[in-house]
Amino acid sequence: MRVLMLGPVELRAGGKPVPLGGAKPRTLLAALMTNPRAVVSIDQLISSIWDETPPRSATALVHTYVSALRRAFTTAGNGSVLVTQPPGYRLDIAPEDNDLEAFAQLLSAGRRLERDGDYAEAATRYEQALELWRGSALGGVDADFARNRAVALEEDRLTVEEGLARCELAQHRTAEAAARMAKVTAAHPLREEARGVLMRALYESGRQADALAVYREGRKHLLDELGVEPGEKLQQLHNDVLTGTLDPLVTETAYTTPRHLPPDIGDFTGRDEQLDFLVGLAEQAIAKPRTATPTVVVSGFGGAGKSALAVHTAHLLAGKYADGQLFADLRGADPELGVRDALRRFLSALGVSGADLPDTVDDRVELYRRKVAGRSLIVVLDNVTGEHQVRRLLPGSPRCLVIITSRSRLTGLEGAEVIELDFLRTDASVTMLSTIVGAPRINAEPEAAATIARLCGGIPLAIRAAAAKLRARPHWPVRALAGRLSDERRRLDELAVGDLAIRSSLQLNYADLGPDHRTAFHLLTRLDLPDFGAWLAAPLLDITPGAAEDIVEHLVDLRLLEVVGIDSLGRVRYRFHDLIQLFGAEQGADEPLGPALNRLLTTWMRLVEYGARQLPRVTLGLRPSASQEKIDPGLRYEVEQDPTEWLKSETAAVVRAVERSHELGVDRATIMLIVSLLASPFAVRNEFDGWQRILDVALSAAQTRQELATVHASLGQLRYEQDDFSSAMAHFHQAWVHAEAAEDDLTQGVARVGMGTVHRELGEFDPAIAHLLAGSELADRAGDAGVTAAAQYGLGAIKRDLGELASAAQSFDKCVALYRELGDQRGEGLALRGVSLCHRAAGEFGKAADQSRQAEVILREAGDALGAAYARQSLAKALLRQRKPVTDLLDSCHQVFLAHRDRFGLALAVRTMGEAALAFGDHARARELLTEALERWSELGLPLWEARTLRDLAAASVATPDVAGAHWARALELMTSVGGREAAELRESSPEGWLARL
């Protein structure tokens with residue numbers, strides 16, 4: 001099916017016109033096509049169809065014309081494309097199913113390709129755009145909006161004609177360009193661009209006089225009709241033609257062969273196996289080319305020789321890749337800026353001038369890939385930090401070879417081979433020493449050489465430094481250096497020669513540090529954080545954030561600290577290079593760390609608490625109040641302005657600080673408090689990795705039964721959020737045991753409610769009720785209404801599943817009241833969703849929908865996107881029971897569940913999609929979706945939900961009675977086993993009866 005506007009307005013199916021039902025439905029179709037996939041109000045449609053004089057019955061007539069259009073779309077095979085959506089209608093037409101958007105896309109692509117110099121491809125796009133035209137745009141529609149739109153479209157068509165002529169001219173197709181522009185200027189004598197291209201085509205054909213005549217004719221038209229002279233551009237073109245100085249539109253440039261590689265290492269050694277693999281891979285790719293670009297990641301620790309191997313390999317293979325070599329060092333670069341700069345240098349090396357360099361990264365990527373298309377190059381990307389840096393720098397040509405070096409394996413890079421550089425064996429290290437120093441000298445003292453190799457630890461950089469030291473001391477016996485390296489206090493000093501003297505160069509900068517700068521350097525390097533903000537130095541040194549920023553920036557100035565980018569809050573983030581971090585930690589080994597780290601953790605704890613107060617509370621248990629130590633107002637303001645982004649930026653650093661504090665044996669109590677505070681912020685974002693890491697620390701640090709109870713309760717909640725119900729149950733049970741021994745009613749309550757919740761999810765209602773009631777009693781005794789409310793929620797859900805709807809509603813109402821009293825918006829929203837499910841179970845679909853909408857609003861305001869998605873799912877179910885469309889609602893839910901890696905939510909969304917397909921008669925699609933949902937429920941081990949899905953799957957399979965009967969019987973068996981309220985319905989009904997009910 002296609003909707004056509006570039007000519008008489010038509011609907012076509014199978015290449016044949018479909019009757020639209022008259023002029024007015026045709027006008028309505030054109031009006032809807034002015035805004036495809038957007039709601040056009042009835043008032044707008046009336047104005048479009050009748051201009052300024054609509055009849056009194058206009059609204060009713062619009063509905064009539066909509067019905068006519070829907071009949072036409074149904075005939076064309078897509079009756080659902082015209083959607084009713086207040087306050088009007090939406091035409092859900094795909095861009096590829098209408099000529100207006102196809103034309104716009106081809107015009108845009110042609111312009112871009114022409115701008116980038118790909119004239120042949122641009123001409124193809126322009127020609128394809130012109131082929132879409134069948135006559136005057138919006139033909140057969142007599143309305144002001146159509147006439148205005150047709151004028152604009154005609155302008156675009158002429159723009160395409162002119163662009164195509166320029167591309168023809170650039171390809172020396174002067175006769176075609178001249179003929180094309182002659183037609184345009186004859187029909188539109190005032191178009192100066194067309195006239196200019198015609199003049200240029202005639203001039204390049206050797207027809208200078210004709211070109212001048214075209215100018216005179218155009219000037220006469222402009223003077224006679226508009227009273228103006230030609231524009232400056234056309235006048236200059238006329239002058240160049242007149243004087244014979246007109247340059248060609250395009251100047252051919254020869255391909256520039258790039259030679260970017262750094263110098264090779266003459267004494268390279270020690271990686272024969274990896275070198276053979278790289279060379280063999282390249283030779284195989286050349287002999288048997290494939291469609292993908294051969295890509296290799298060379299990975300390993302700092303100093304492993306990754307860059308040396310990559311550069312040496314590229315030099316060896318240079319003769320096999322005749323079109324050159326490109327090299328980019330991405331060390332320390334901001335990912336976006338690094339890619340942008342690398343593309344600038346690549347394009348420059350490939351002959352693109354600065355003036356022709358595209359502004360955006362995406363356009364540079366496209367131009368770069370076109371430049372190397374079909375060519376044979378080696379591309380070396382050195383010191384890559386992540387896959388995101390690499391992807392846009394990969395050429396599209398299978399004739400290229402890409403070698404990437406990174407400390408990470410970059411396993412997310414599709415199709416890439418990975419070479420892992422390990423420590424060199426002792427014999428390989430000795431060979432490397434021999435190659436650099438000289439075989440006679442090393443062979444004369446094999447034991448001393450082996451000692452040096454062993455003390456260098458198989459690190460190529462250290463071996464090279466040791467070899468350089470021996471070359472710098474030709475009078476030394478080899479055993480002299482072996483003896484010096486045996487002294488651990490001097491080892492790093494000995495492994496430094498010339499520009500390999502890493503420690504010596506750092507020592508020079510280190511000597512320039514004042515007392516505060518030096519202390520900051522010691523403390524920050526000993527923390528070993530992945531990255532951090534300047535504010536961290538404030539609590540470490542007990543100074544203001546402003547002074548801390550000055551100190552950190554001074555470390556940057558001295559090249560002791562790197563800037564890695566700007567976080568989402570606009571703050572600079574820093575990190576230490578690995579070797580600098582080791583150097584600093586060594587220098588600061590005697591620096592007292594305990595008091596400084598306690599101040600930092602206390603500050604972090606307060607800041608996390610400020611942020612957590614504004615985020616939804618997802619986890620249960622005590623939220624401890626941090627100490628009242630004064631916090632800088634500016635730091636607090638940053639957190640409270642955007643707690644989500646602040647926590648996202650600081651997560652990696654705070655998790656590592658907690659781990660490091662435990663490693664250093666600092667302040668166990670503070671560690672336990674900050675772990676408790678971080679639980680809910682991690683849970684609301686499904687930040688499972690960070691949550692797991694801090695709980696690992698807490699579990700290792702915990703010493704008392706009270707602490708063990710708290711940690712296991714948190715681990716239970718983590719596993720529950722991950723839908724790992726068996727592990728969750730095990731941790732909740734351990735929490736209960738430890739809390740009972742510690743006489744901790746609150747943590748006992750949390751553990752019992754957690755166990756009850758897991759039993760409920762598994763359809764094990766009797767133990768669930770027992771644990772929830774016990775947990776509620778314990779929470780009441782401890783005075784924590786939040787845990788009580790959670791217990792009431794679970795009891796309400798169980799009563800609903802057992803069919804005790806009135807009692808369930810009472811539990812949910814009590815739950816809502818408790819959460820409102822606590823000011824817990826998230827809890828209130830989820831409880832209201834529970835109420836809505838009761839109304840739906842009772843057949844009160846309107847009330848259910850209202851409650852779900854209210855729940856979604858509250859959850860959105862609370863910042864709980866995941867909870868809001870669950871509310872939308874329940875709204876979709878209520879609307880579905882009212883035979884209302886729910887596709888968009890369910891799609892949005894599915895996207896949120898996918899983004900949060902919520903396995904239960906994904907199963908729920910897919911099942912509801914299957915129910916929707918079943919309700920609207922698409923049984924094949926329903927079976928497909930419900931089968932997928934059934935597999936997901938089975939993976940989660942949730943028999944109640946398996947039974948509900950099997951019931952729907954049986955209804956979708958009524959065409960095959962045996963299959964339907966088997967599904968129905970299995971559903972009844974599972975529902976009976978868990979005591980679900982639907983068991984009676986299953987006994988009294990059948991797949992056919994359930995389908996009729998839907």
# chains A, B, ... in the order shown; residues from 1 in each chain; ligands from 1

$ residues_around --residues "Gly415 of chain A" --least-positions-apart "3" --cutoff "12 Å" --atoms "only C-alpha atoms" --output "number ranges by chain"
A: 290-297, 391, 402, 410-412, 418

$ residues_around --residues "Asn98 of chain A" --least-positions-apart "2" --cutoff "10 Å" --atoms "only C-alpha atoms" --output "PyMOL selection string"
chain A and resi 1-6+11+33+36+93-96+100-103

$ closest_residue --among "A:Asn239, A:Thr59, A:Gln274, A:Thr34" --to "Leu153 of chain A" --atoms "only C-alpha atoms"
A:Thr34

$ residues_around --residues "Leu20 of chain A" --least-positions-apart "5" --cutoff "10 Å" --atoms "only C-alpha atoms" --output "list in words"
Val9, Glu10, Leu11, Pro25, Arg26, Thr27, Leu29, Tyr65, Ala68, Leu69, Arg70, Arg71, Ala72 and Phe73 of chain A

$ atom_distance --atom1 "atom CA of Val379 of chain A" --atom2 "atom CA of Leu326 of chain A"
4.7 Å

$ atom_distance --atom1 "atom CA of Leu890 of chain A" --atom2 "atom CA of Tyr870 of chain A"
9.9 Å

$ closest_residue --among "A:Asp116, A:Glu804, A:Glu609, A:Glu586" --to "Arg981 of chain A" --atoms "only C-alpha atoms"
A:Glu804

$ select_by_dssp --residues "segment 348-452 of chain A" --states "alpha helix (DSSP H)" --output "PyMOL selection string"
chain A and resi 348-349+361-372+387-390+426-437+439-444+446-452

$ closest_residue --among "A:Leu940, A:Ala698, A:Leu772, A:Val552" --to "Ile798 of chain A" --atoms "only C-alpha atoms"
A:Leu772

$ atom_distance --atom1 "atom CA of Gln85 of chain A" --atom2 "atom CA of Leu879 of chain A"
14.3 Å

$ residues_around --residues "Asp272 of chain A" --least-positions-apart "2" --cutoff "12 Å" --atoms "only C-alpha atoms" --output "mmCIF file with C-alpha atoms, in the first residue's frame"
data_model
loop_
_atom_site.group_PDB
_atom_site.id
_atom_site.type_symbol
_atom_site.label_atom_id
_atom_site.label_comp_id
_atom_site.auth_asym_id
_atom_site.auth_seq_id
_atom_site.Cartn_x
_atom_site.Cartn_y
_atom_site.Cartn_z
ATOM 1 C CA PHE A 268 61.214 -5.682 18.505
ATOM 2 C CA THR A 269 61.066 -9.128 20.062
ATOM 3 C CA GLY A 270 59.130 -11.396 22.354
ATOM 4 C CA GLN A 274 50.961 -13.050 18.320
ATOM 5 C CA LEU A 275 52.839 -11.512 15.393
ATOM 6 C CA ASP A 276 52.395 -14.681 13.340
ATOM 7 C CA PHE A 277 48.684 -14.664 14.116
ATOM 8 C CA LEU A 278 48.272 -11.049 12.996
ATOM 9 C CA VAL A 279 50.209 -11.545 9.774
ATOM 10 C CA GLY A 280 48.355 -14.784 9.045
ATOM 11 C CA LEU A 309 53.183 -5.016 18.521
ATOM 12 C CA HIS A 312 55.495 -3.336 14.194
ATOM 13 C CA THR A 313 52.792 -5.470 12.565
ATOM 14 C CA LEU A 421 49.250 -10.182 25.821
ATOM 15 C CA LEU A 424 56.542 -12.771 29.087
ATOM 16 C CA ALA A 428 61.251 -14.777 26.258
ATOM 17 C CA THR A 431 65.618 -13.198 24.504
ATOM 18 C CA MET A 432 64.295 -9.636 24.580
#

$ closest_residue --among "A:Leu601, A:Leu226, A:Leu942, A:Leu673" --to "Ser726 of chain A" --atoms "only C-alpha atoms"
A:Leu942

$ closest_residue --among "A:Glu640, A:Ala612, A:Glu743, A:Leu394" --to "Leu678 of chain A" --atoms "only C-alpha atoms"
A:Ala612

$ residues_around --residues "segment 370-373 of chain A" --least-positions-apart "4" --cutoff "9 Å" --atoms "only C-alpha atoms" --output "ChimeraX atom specification"
/A:118,323,347,350,365-366,377,395-400

$ decode --residues "segment 529-547 of chain A" --atoms "C-alpha atoms" --output "PDB file, in the first residue's frame"
ATOM      1  CA  LEU A 529      39.408   5.458  42.159  1.00  0.00           C
ATOM      2  CA  PRO A 530      38.327   4.923  38.510  1.00  0.00           C
ATOM      3  CA  ASP A 531      37.605   8.658  38.211  1.00  0.00           C
ATOM      4  CA  PHE A 532      36.588  11.447  40.560  1.00  0.00           C
ATOM      5  CA  GLY A 533      35.549  15.071  40.874  1.00  0.00           C
ATOM      6  CA  ALA A 534      37.717  17.814  42.338  1.00  0.00           C
ATOM      7  CA  TRP A 535      35.426  18.104  45.369  1.00  0.00           C
ATOM      8  CA  LEU A 536      36.869  14.843  46.750  1.00  0.00           C
ATOM      9  CA  ALA A 537      40.001  16.658  47.839  1.00  0.00           C
ATOM     10  CA  ALA A 538      37.936  18.928  50.108  1.00  0.00           C
ATOM     11  CA  PRO A 539      37.056  16.383  52.831  1.00  0.00           C
ATOM     12  CA  LEU A 540      40.371  14.567  52.340  1.00  0.00           C
ATOM     13  CA  LEU A 541      42.316  17.740  53.215  1.00  0.00           C
ATOM     14  CA  ASP A 542      39.564  19.393  55.280  1.00  0.00           C
ATOM     15  CA  ILE A 543      39.477  22.443  52.961  1.00  0.00           C
ATOM     16  CA  THR A 544      36.814  24.218  50.897  1.00  0.00           C
ATOM     17  CA  PRO A 545      35.716  22.849  47.504  1.00  0.00           C
ATOM     18  CA  GLY A 546      37.162  25.928  45.804  1.00  0.00           C
ATOM     19  CA  ALA A 547      40.579  25.320  47.316  1.00  0.00           C
TER      20      ALA A 547
END
